[in-house]
Structure formats: C-alpha cells, structure tokens
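Data block for query-v6.csv (CSV, C-alpha atoms):
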```
chain,number,residue,atom,x,y,z
A,14,MET,CA,15.3,-35.3,-8.3
A,15,SER,CA,16.8,-35.2,-4.8
A,16,ALA,CA,14.5,-35.4,-1.8
A,17,ALA,CA,13.9,-32.1,0.1
A,18,SER,CA,16.0,-31.6,3.1
A,19,PRO,CA,14.4,-31.5,6.6
A,20,THR,CA,15.3,-27.8,6.8
A,21,ALA,CA,13.6,-27.0,3.5
A,22,ALA,CA,10.5,-28.9,4.7
A,23,ARG,CA,10.4,-26.9,7.9
A,24,LEU,CA,10.6,-23.7,5.9
A,25,ALA,CA,7.8,-24.6,3.5
A,26,PRO,CA,4.7,-22.7,4.7
A,27,GLY,CA,1.6,-24.7,5.4
A,28,ALA,CA,-1.7,-24.0,3.6
A,29,ILE,CA,-3.3,-22.8,6.8
A,30,ALA,CA,-0.5,-20.3,7.5
A,31,VAL,CA,-0.7,-18.9,3.9
A,32,ALA,CA,-4.5,-18.7,4.1
A,33,PHE,CA,-4.3,-16.9,7.5
A,34,ALA,CA,-1.7,-14.4,6.2
A,35,LEU,CA,-3.8,-13.8,3.0
A,36,ALA,CA,-6.9,-13.3,5.0
A,37,SER,CA,-5.1,-10.9,7.3
A,38,VAL,CA,-3.9,-8.7,4.4
A,39,TYR,CA,-7.2,-8.9,2.6
A,40,ILE,CA,-9.5,-8.1,5.5
A,41,LEU,CA,-7.2,-5.9,7.7
A,42,TRP,CA,-6.0,-3.7,4.8
A,43,GLY,CA,-9.5,-3.7,3.2
A,44,SER,CA,-11.0,-2.5,6.5
A,45,THR,CA,-8.6,0.3,7.1
A,46,TYR,CA,-10.4,2.7,4.7
A,47,LEU,CA,-13.5,2.5,6.9
A,48,ALA,CA,-11.4,2.7,10.1
A,49,ILE,CA,-10.0,5.9,8.7
A,50,ARG,CA,-13.5,7.3,8.2
A,51,PHE,CA,-14.4,6.5,11.8
A,52,ALA,CA,-11.2,8.0,13.2
A,53,LEU,CA,-11.7,11.2,11.2
A,54,GLU,CA,-14.8,11.9,13.3
A,55,SER,CA,-12.5,13.2,16.0
A,56,TYR,CA,-9.0,13.4,14.5
A,57,PRO,CA,-8.0,15.8,11.7
A,58,PRO,CA,-6.5,13.9,8.7
A,59,PHE,CA,-2.8,14.7,9.1
A,60,ILE,CA,-2.8,14.6,12.9
A,61,LEU,CA,-4.5,11.2,12.6
A,62,GLY,CA,-1.8,10.0,10.2
A,63,ALA,CA,1.0,11.4,12.4
A,64,LEU,CA,-0.3,9.5,15.5
A,65,ARG,CA,-0.9,6.3,13.6
A,66,MET,CA,2.5,6.3,12.0
A,67,PHE,CA,4.5,7.4,15.1
A,68,VAL,CA,2.9,4.8,17.4
A,69,ALA,CA,3.1,1.9,15.0
A,70,GLY,CA,6.6,2.9,13.8
A,71,ALA,CA,7.9,3.4,17.4
A,72,LEU,CA,6.6,0.0,18.5
A,73,MET,CA,8.0,-1.9,15.5
A,74,TYR,CA,11.4,-0.1,15.8
A,75,ALA,CA,11.6,-0.9,19.5
A,76,VAL,CA,10.8,-4.6,19.0
A,77,LEU,CA,13.3,-4.9,16.1
A,78,ARG,CA,16.1,-3.3,18.0
A,79,TRP,CA,15.4,-5.5,21.1
A,80,ARG,CA,15.6,-8.5,18.8
A,81,GLY,CA,19.0,-7.3,17.5
A,82,THR,CA,18.0,-5.9,14.1
A,83,ALA,CA,20.6,-3.3,12.9
A,84,PRO,CA,19.3,0.2,12.7
A,85,PRO,CA,19.4,2.2,9.4
A,86,THR,CA,22.8,3.8,8.6
A,87,ARG,CA,23.0,7.5,8.2
A,88,LYS,CA,22.8,7.2,4.4
A,89,GLN,CA,19.8,4.9,4.8
A,90,TRP,CA,18.1,7.4,7.1
A,91,ARG,CA,18.4,10.1,4.4
A,92,THR,CA,16.8,7.9,1.9
A,93,LEU,CA,14.0,6.9,4.2
A,94,TRP,CA,13.3,10.6,5.0
A,95,LEU,CA,12.8,11.1,1.3
A,96,LEU,CA,10.9,7.9,0.7
A,97,SER,CA,8.4,8.6,3.4
A,98,ILE,CA,7.3,11.7,1.6
A,99,TRP,CA,5.9,9.5,-1.1
A,100,MET,CA,5.0,6.4,0.8
A,101,VAL,CA,3.5,8.1,3.9
A,102,LEU,CA,2.7,11.8,3.5
A,103,LEU,CA,1.5,11.8,-0.1
A,104,SER,CA,-0.2,8.4,0.0
A,105,ASN,CA,-1.6,7.7,3.5
A,106,GLY,CA,-1.9,11.4,4.3
A,107,LEU,CA,-3.9,12.3,1.2
A,108,VAL,CA,-6.2,9.3,1.5
A,109,ASN,CA,-7.0,10.6,5.0
A,110,LEU,CA,-7.6,14.0,3.6
A,111,ALA,CA,-9.8,12.7,0.8
A,112,GLU,CA,-12.0,10.7,3.2
A,113,THR,CA,-13.1,14.0,4.8
A,114,GLU,CA,-15.2,14.4,1.7
A,115,VAL,CA,-15.7,11.1,0.0
A,116,GLY,CA,-16.7,7.6,1.2
A,117,SER,CA,-14.2,5.0,2.3
A,118,GLY,CA,-15.3,2.5,-0.4
A,119,LEU,CA,-14.9,5.1,-3.1
A,120,ALA,CA,-11.4,6.0,-1.8
A,121,ALA,CA,-10.4,2.3,-1.9
A,122,ILE,CA,-11.7,2.0,-5.5
A,123,ALA,CA,-9.6,5.0,-6.6
A,124,VAL,CA,-6.4,3.7,-4.8
A,125,ALA,CA,-6.8,0.4,-6.7
A,126,SER,CA,-5.2,2.2,-9.6
A,127,MET,CA,-1.8,2.1,-7.9
A,128,PRO,CA,-0.5,-1.0,-9.8
A,129,LEU,CA,-1.3,0.8,-13.1
A,130,PHE,CA,0.9,3.8,-12.2
A,131,ALA,CA,3.6,1.4,-11.0
A,132,GLY,CA,3.6,-0.2,-14.4
A,133,VAL,CA,4.0,3.2,-16.1
A,134,PHE,CA,6.9,4.2,-13.8
A,135,ALA,CA,8.6,0.9,-14.3
A,136,MET,CA,8.4,1.5,-18.1
A,137,LEU,CA,9.9,4.9,-17.7
A,138,ARG,CA,12.8,3.4,-15.8
A,139,GLY,CA,13.5,0.9,-18.6
A,140,ARG,CA,11.3,-2.1,-17.9
A,141,HIS,CA,9.0,-2.2,-20.9
A,142,PRO,CA,5.6,-3.9,-20.4
A,143,SER,CA,4.7,-7.0,-22.4
A,144,LYS,CA,1.8,-7.0,-24.8
A,145,ILE,CA,-0.5,-8.5,-22.2
A,146,GLU,CA,0.6,-5.9,-19.6
A,147,TRP,CA,-0.2,-3.2,-22.2
A,148,VAL,CA,-3.7,-4.6,-22.5
A,149,GLY,CA,-4.0,-4.5,-18.7
A,150,LEU,CA,-2.7,-0.9,-18.5
A,151,VAL,CA,-5.1,0.3,-21.2
A,152,ILE,CA,-8.1,-1.4,-19.6
A,153,GLY,CA,-7.2,-0.2,-16.1
A,154,PHE,CA,-6.7,3.4,-17.1
A,155,LEU,CA,-10.0,3.4,-19.0
A,156,GLY,CA,-11.6,2.4,-15.7
A,157,VAL,CA,-9.8,5.2,-13.9
A,158,ILE,CA,-11.1,7.7,-16.4
A,159,TRP,CA,-14.6,6.3,-16.1
A,160,LEU,CA,-14.4,6.5,-12.3
A,161,ASN,CA,-13.2,10.1,-12.3
A,162,ALA,CA,-15.6,11.3,-15.0
A,163,GLY,CA,-18.9,10.7,-13.4
A,164,SER,CA,-18.7,9.2,-9.9
A,165,ALA,CA,-19.1,11.0,-6.6
A,166,LEU,CA,-15.5,12.0,-7.0
A,167,SER,CA,-16.4,14.5,-9.6
A,168,GLY,CA,-18.4,16.4,-7.0
A,169,SER,CA,-15.3,16.8,-4.7
A,170,THR,CA,-12.3,18.6,-6.1
A,171,LEU,CA,-10.3,17.9,-3.0
A,172,GLY,CA,-11.2,14.2,-3.0
A,173,LEU,CA,-10.5,13.9,-6.7
A,174,VAL,CA,-7.1,15.5,-6.5
A,175,CYS,CA,-6.0,13.6,-3.4
A,176,LEU,CA,-7.1,10.2,-4.8
A,177,ILE,CA,-5.2,10.8,-8.0
A,178,ILE,CA,-2.0,11.9,-6.3
A,179,ALA,CA,-2.0,9.2,-3.5
A,180,PRO,CA,-1.7,6.1,-5.8
A,181,ILE,CA,0.8,7.9,-8.0
A,182,ALA,CA,2.9,8.7,-5.0
A,183,TRP,CA,2.8,5.2,-3.6
A,184,ALA,CA,3.6,3.7,-7.1
A,185,TRP,CA,6.5,6.1,-7.6
A,186,GLY,CA,7.9,5.4,-4.1
A,187,SER,CA,7.6,1.6,-4.7
A,188,ILE,CA,9.5,1.7,-8.0
A,189,TRP,CA,12.1,4.3,-6.9
A,190,SER,CA,12.9,2.4,-3.7
A,191,ARG,CA,14.0,-0.7,-5.6
A,192,ASP,CA,17.3,1.0,-6.6
A,193,GLN,CA,18.0,2.4,-3.1
A,194,ASP,CA,20.1,1.2,-0.2
A,195,LEU,CA,17.6,0.3,2.4
A,196,PRO,CA,17.7,-1.7,5.7
A,197,SER,CA,15.8,-4.9,6.2
A,198,PRO,CA,12.1,-4.8,5.2
A,199,PHE,CA,10.6,-4.5,8.7
A,200,MET,CA,13.2,-1.9,9.8
A,201,ALA,CA,12.6,0.1,6.6
A,202,ALA,CA,8.9,0.1,7.3
A,203,SER,CA,9.2,1.2,10.9
A,204,ALA,CA,11.7,3.9,10.0
A,205,GLN,CA,9.4,5.1,7.2
A,206,MET,CA,6.5,5.4,9.6
A,207,LEU,CA,8.6,7.3,12.1
A,208,THR,CA,10.0,9.8,9.5
A,209,GLY,CA,6.6,10.0,7.8
A,210,SER,CA,4.9,11.0,11.1
A,211,VAL,CA,7.2,14.0,11.2
A,212,TRP,CA,6.1,15.0,7.7
A,213,MET,CA,2.5,14.5,8.7
A,214,LEU,CA,3.0,16.8,11.7
A,215,GLY,CA,4.5,19.4,9.4
A,216,ALA,CA,1.5,19.1,7.1
A,217,ALA,CA,-0.9,19.5,10.0
A,218,ALA,CA,0.9,22.6,11.1
A,219,ILE,CA,0.8,24.1,7.6
A,220,THR,CA,-2.9,23.4,7.2
A,221,GLY,CA,-3.7,24.7,10.7
A,222,GLU,CA,-5.0,21.4,12.1
A,223,ARG,CA,-5.7,21.2,15.8
A,224,MET,CA,-7.7,19.1,18.2
A,225,SER,CA,-10.7,21.2,19.2
A,226,ALA,CA,-12.3,18.7,21.5
A,227,LEU,CA,-11.6,15.5,23.4
A,228,PRO,CA,-11.7,12.6,20.8
A,229,SER,CA,-14.5,10.1,21.2
A,230,ALA,CA,-13.9,6.6,22.3
A,231,SER,CA,-15.0,5.2,19.0
A,232,ALA,CA,-12.6,7.4,17.0
A,233,THR,CA,-9.8,6.5,19.3
A,234,GLY,CA,-10.6,2.9,19.0
A,235,ALA,CA,-10.5,3.2,15.2
A,236,LEU,CA,-7.1,4.9,15.5
A,237,LEU,CA,-5.8,2.0,17.6
A,238,TYR,CA,-7.2,-0.4,15.1
A,239,LEU,CA,-5.3,1.4,12.4
A,240,VAL,CA,-2.1,1.2,14.4
A,241,VAL,CA,-2.3,-2.5,15.4
A,242,ALA,CA,-4.3,-4.2,12.6
A,243,GLY,CA,-3.5,-2.0,9.7
A,244,SER,CA,0.1,-0.9,10.2
A,245,ILE,CA,1.6,-3.7,12.4
A,246,PHE,CA,-0.3,-7.0,11.8
A,247,GLY,CA,-1.3,-6.3,8.2
A,248,PHE,CA,2.2,-5.3,7.1
A,249,THR,CA,3.8,-8.1,9.0
A,250,ALA,CA,1.5,-10.6,7.2
A,251,TYR,CA,2.3,-9.0,3.9
A,252,ILE,CA,6.1,-9.2,4.4
A,253,TRP,CA,5.8,-12.8,5.5
A,254,LEU,CA,3.8,-13.6,2.3
A,255,LEU,CA,6.5,-11.9,0.1
A,256,HIS,CA,9.1,-14.3,1.6
A,257,HIS,CA,6.9,-17.5,1.4
A,258,VAL,CA,4.6,-17.4,-1.7
A,259,ARG,CA,4.7,-16.2,-5.3
A,260,PRO,CA,4.8,-12.4,-5.6
A,261,ALA,CA,1.6,-12.5,-7.7
A,262,LEU,CA,-0.2,-14.1,-4.8
A,263,ALA,CA,1.3,-11.8,-2.2
A,264,THR,CA,0.3,-8.7,-4.1
A,265,SER,CA,-3.2,-10.0,-4.9
A,266,TYR,CA,-4.4,-7.6,-2.1
A,267,ALA,CA,-4.4,-4.9,-4.8
A,268,TYR,CA,-7.6,-6.3,-6.4
A,269,VAL,CA,-9.1,-7.9,-3.3
A,270,ASN,CA,-9.0,-4.9,-0.9
A,271,PRO,CA,-11.3,-2.6,-2.9
A,272,PRO,CA,-14.4,-4.9,-3.0
A,273,ILE,CA,-13.8,-5.7,0.7
A,274,ALA,CA,-13.6,-2.0,1.5
A,275,VAL,CA,-16.8,-1.4,-0.5
A,276,LEU,CA,-18.5,-4.2,1.4
A,277,PHE,CA,-17.5,-2.9,4.8
A,278,GLY,CA,-18.6,0.6,3.8
A,279,ALA,CA,-22.0,-0.6,2.8
A,280,LEU,CA,-22.6,-2.9,5.7
A,281,LEU,CA,-21.1,-0.9,8.6
A,282,ALA,CA,-21.4,2.8,7.5
A,283,GLY,CA,-24.4,2.7,5.1
A,284,GLU,CA,-22.4,3.9,2.1
A,285,ARG,CA,-24.1,3.8,-1.2
A,286,PHE,CA,-22.5,3.0,-4.5
A,287,SER,CA,-23.9,3.7,-8.0
A,288,SER,CA,-23.6,1.2,-10.9
A,289,HIS,CA,-21.2,3.8,-12.3
A,290,ASP,CA,-18.9,3.4,-9.3
A,291,LEU,CA,-19.1,-0.4,-9.3
A,292,GLY,CA,-18.6,-0.7,-13.0
A,293,ALA,CA,-15.5,1.5,-12.9
A,294,MET,CA,-14.1,-0.6,-10.0
A,295,ALA,CA,-14.7,-3.8,-12.1
A,296,VAL,CA,-12.8,-2.3,-15.1
A,297,ILE,CA,-9.9,-1.1,-13.0
A,298,LEU,CA,-9.6,-4.4,-11.2
A,299,VAL,CA,-9.7,-6.4,-14.5
A,300,GLY,CA,-6.7,-4.3,-15.7
A,301,VAL,CA,-4.8,-4.9,-12.4
A,302,VAL,CA,-5.5,-8.7,-12.5
A,303,ILE,CA,-4.2,-8.9,-16.1
A,304,ILE,CA,-1.0,-7.0,-15.2
A,305,THR,CA,-0.5,-9.2,-12.1
A,306,LEU,CA,-1.0,-12.5,-14.0
A,307,ALA,CA,1.3,-11.3,-16.8
A,308,LYS,CA,4.1,-10.5,-14.4
A,309,ALA,CA,3.6,-13.9,-12.7
A,310,ARG,CA,3.8,-15.6,-16.1
A,311,ALA,CA,7.0,-13.7,-17.0
A,312,ALA,CA,8.6,-14.6,-13.7
A,313,ARG,CA,8.0,-18.3,-14.3
A,314,ALA,CA,9.2,-18.2,-17.9
A,315,PRO,CA,12.6,-19.9,-18.4
A,316,VAL,CA,15.5,-17.7,-19.4
A,317,VAL,CA,16.7,-18.5,-22.9
A,318,PRO,CA,20.4,-17.9,-23.4
A,319,ALA,CA,21.4,-15.5,-26.2
A,320,PRO,CA,23.2,-16.9,-29.2
A,321,ASN,CA,26.8,-17.9,-28.5
A,322,GLU,CA,26.2,-17.2,-24.8
A,323,PRO,CA,26.7,-20.2,-22.5
A,324,PRO,CA,23.9,-20.9,-20.0
A,325,ALA,CA,24.6,-19.9,-16.5
```

Would you mind writing the file out in structure tokens?
Amino acid sequence: MSAASPTAARLAPGAIAVAFALASVYILWGSTYLAIRFALESYPPFILGALRMFVAGALMYAVLRWRGTAPPTRKQWRTLWLLSIWMVLLSNGLVNLAETEVGSGLAAIAVASMPLFAGVFAMLRGRHPSKIEWVGLVIGFLGVIWLNAGSALSGSTLGLVCLIIAPIAWAWGSIWSRDQDLPSPFMAASAQMLTGSVWMLGAAAITGERMSALPSASATGALLYLVVAGSIFGFTAYIWLLHHVRPALATSYAYVNPPIAVLFGALLAGERFSSHDLGAMAVILVGVVIITLAKARAARAPVVPAPNEPPA
C-alpha cells in the first residue's frame, strides 16, 4: 500500500472539523423549527419564507459570483424554477404554514418521514430497496400512521395536510433533481432560494397575506437567525460534510434534528408532547436509521463482476 500523498493528507478532514460541521447541522437545522414559530409571531408564513429565501439566496449568489463561480445556464435556470416549487414552496412554505397551528417539535417529527418517501420515489424510478430497507420503510410508515392517527396533528386539518405534503415534496425534489442538469451545489442552492422566494411571494398574494403591523424585534431576530444560521451556515456545513465524510454520516441529521427540535420546543417555548407523539417519533426514526444504515452498507459492498464480464 503506497503512502498517502501530502495533498491527500491536507484534504483529509480533521475530527474536530467534522464534529463542528455535524454539530452545526444537528443544532442549527434542529433549531430552525422553533425559530420559525417565533418569526411567525409577526410575519405571515409565506411572506416569512419569501424574505428568508430571498435574503439568504441573494447573499450566497453574490458571494459565489464574486468568487468566480459560474452562474446557472438558461436551461439550468428553467430546471431550478421548477425544482424550487418542490424544495422551497411546498416544503419550507408548508412547514411555515403548518406551524401557525401546530407546535415546532411536532412539525419536526412529521418532517422526519422525508427519507421514507425518498425511498419510495427512488423505488418508483427503478432503484429497488433491499430487504433491510423494506423493513425500515415498513417500520417508518407505521410510525407515520401512528403519528397522524392520534397526535395533536389530528386536531388540525391544515397542519396535517401541510406536514404530509412537505416531506413528500422535499423527497420528490431530491430524487428528481439527481437526473437534472444543475450548477454546482452552492450555486444551485442559492438559485433555488432566489426562485423559491418568488413562488413564496406568489403564494402570499394568492392567500391574501399582508403585514398588518410593524414586526417585533424578537420575530425579526428569529428571521435573521433563519437566514444566517439555517439557510447559510447550516447548508454550508451540510455540503462540506457531503464532500468529506460518508453520505450516511452527512445525512444523519434526518434522525437527529427531530429530537433536538422537540428539546428546543420543550425548553424554550414550553411545548408539551404526549407519549403518543414521542412513541411515534421513535418508530419513525428507527425506520429512518435502518434505511440509512442499509444504504451505507450497500455503498461499501464490493461490486462483484457478472459472469464472463471482466472486472473494471
């Protein structure tokens, strides 16, 4: 085995860097659900989303262009306009809308089902789950049914509908985007936020949202937190992880964020959760963990050449 080159050694991430990036994704993204609740005290849901996405997207886009990153092509812009319907309007926008009626922790528990829907969409597009992934899907969806059947969600039709559509939309956008021509990850994210802010404004106009009073300092502070911590720092840390650690570790936020959101909601907003809510969360997260570990195992498995086929 040859020794690692100096360049490779420099590129290898340190344990402290990885831990810091993971903590950023876990804590920052886990706290955004509560920040949304605080911001909604003064900002209507779609106006909140439009402001958050436009400011974060514009800042990221300006920095990327200043650093020489190529802008999206005309074809890529068309794809991004469509993708932002799923990834911004119908995911972030509907979570905002749901939190006008349900607690932040409960919203995070419901959104935890996203990897389950992603597995279904991947199957429909030709990637069939392994037996272990099937176990995870079944367990996870039993948890989703349990959550929707008797939690506080059942008392809010709006919250229930929004928190079913939001993870489905994010999962579909994530799977669909893999086959599309997109710019670099950071540029794609900034452009999605910019185009998504326009969709959000359209939704605000259709639903008749308007600012009836001057927003409070605390709500505006929560909005700025969403822009900086949630959309810029959190996403930057996530992209960095995708390029430096195993995908299973980078995507582990899917089952860490909900308990953190529940903890923040309980400690900082006095939210209360029944044993039914927490039990459903546990079942959903068990399913997500099984799927994540099964995918990691499949990614590490050696490729066995087919009969009469020379190895690559």

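The closest residue to Arg91 of chain A, picked from A:Gly70, A:Gly247, A:Pro58, A:Pro196 and counting all atoms listed in the file, is A:Pro196.
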
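Minimum atom-to-atom distance to Val124 of chain A, evaluated using only C-alpha atoms, belongs to A:Val301 out of A:Leu102, A:Val301, A:Ile40, A:Ala71.
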
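With all atoms listed in the file as the atoms that count, the minimum distance from Gly27 of chain A to the choices A:Val299, A:Val240, A:Leu254, A:Leu103 is reached by A:Leu254.
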
Legend entry - Top pick for closest residue to Leu137 of chain A, considering A:Leu150, A:Leu96, A:Leu195, A:Ile188 and counting only C-alpha atoms: A:Ile188

Inset, instruction - May I have the residues within 12 Å of Lys144 of chain A as a PyMOL selection string, using only C-alpha atoms and disregarding those fewer than 5 positions away in the same chain? - result: chain A and resi 149-151+303-304+307-308+311

Inset, instruction - Determine, counting all atoms listed in the file, which protein, DNA and RNA residues have an atom within 12 Å of an atom of Ala309 of chain A; residues of the same chain fewer than 2 positions away are not included. Present the result as a VMD selection string. - result: chain A and resid 143 145 to 146 258 to 265 302 to 307 311 to 314

Inset, instruction - Find the distance between atom CA of Ala232 of chain A and atom CA of Glu54 of chain A and write it in Å to one decimal. - result: 6.2 Å

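Residues in contact with Pro142 of chain A at 9 Å, where all atoms listed in the file are counted and same-chain residues fewer than 5 positions away are skipped, are listed as Gly132, Val133, Ala135, Met136, Trp147 and Ile304 of chain A.
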
Inset, instruction - For Ala201 of chain A, please output as a ChimeraX atom specification all residues within 12 Å (counting only C-alpha atoms; exclusion window: fewer than 3 positions along the same chain). - result: /A:70,73-74,77,82-86,89-94,96-97,100,190,193-198,204-209,248,252

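Atom pair atom CA of Glu222 of chain A / atom CA of Leu61 of chain A has a distance of 10.2 Å (rounded to one decimal).
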
Inset, instruction - Would you mind telling me which residue in A:Gly278, A:Gly186, A:Pro272, A:Gly221 lies nearest to Ser104 of chain A when using all atoms listed in the file? - result: A:Gly186

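Here the question is which of A:Ala295, A:Val275, A:Ile60, A:Leu255 gets nearest to Val31 of chain A using all atoms listed in the file, and that residue is A:Leu255.
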
Legend entry - Non-local contacts of Trp42 of chain A (9 Å; all atoms listed in the file; under 3 positions in same chain excluded) as JSON, numbers by chain: {"A": [37, 38, 39, 45, 46, 242, 243, 244, 247, 248, 266, 270, 274]}

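Picture a line from atom CA of Asp290 of chain A to atom CA of Ser117 of chain A; it runs 12.6 Å.
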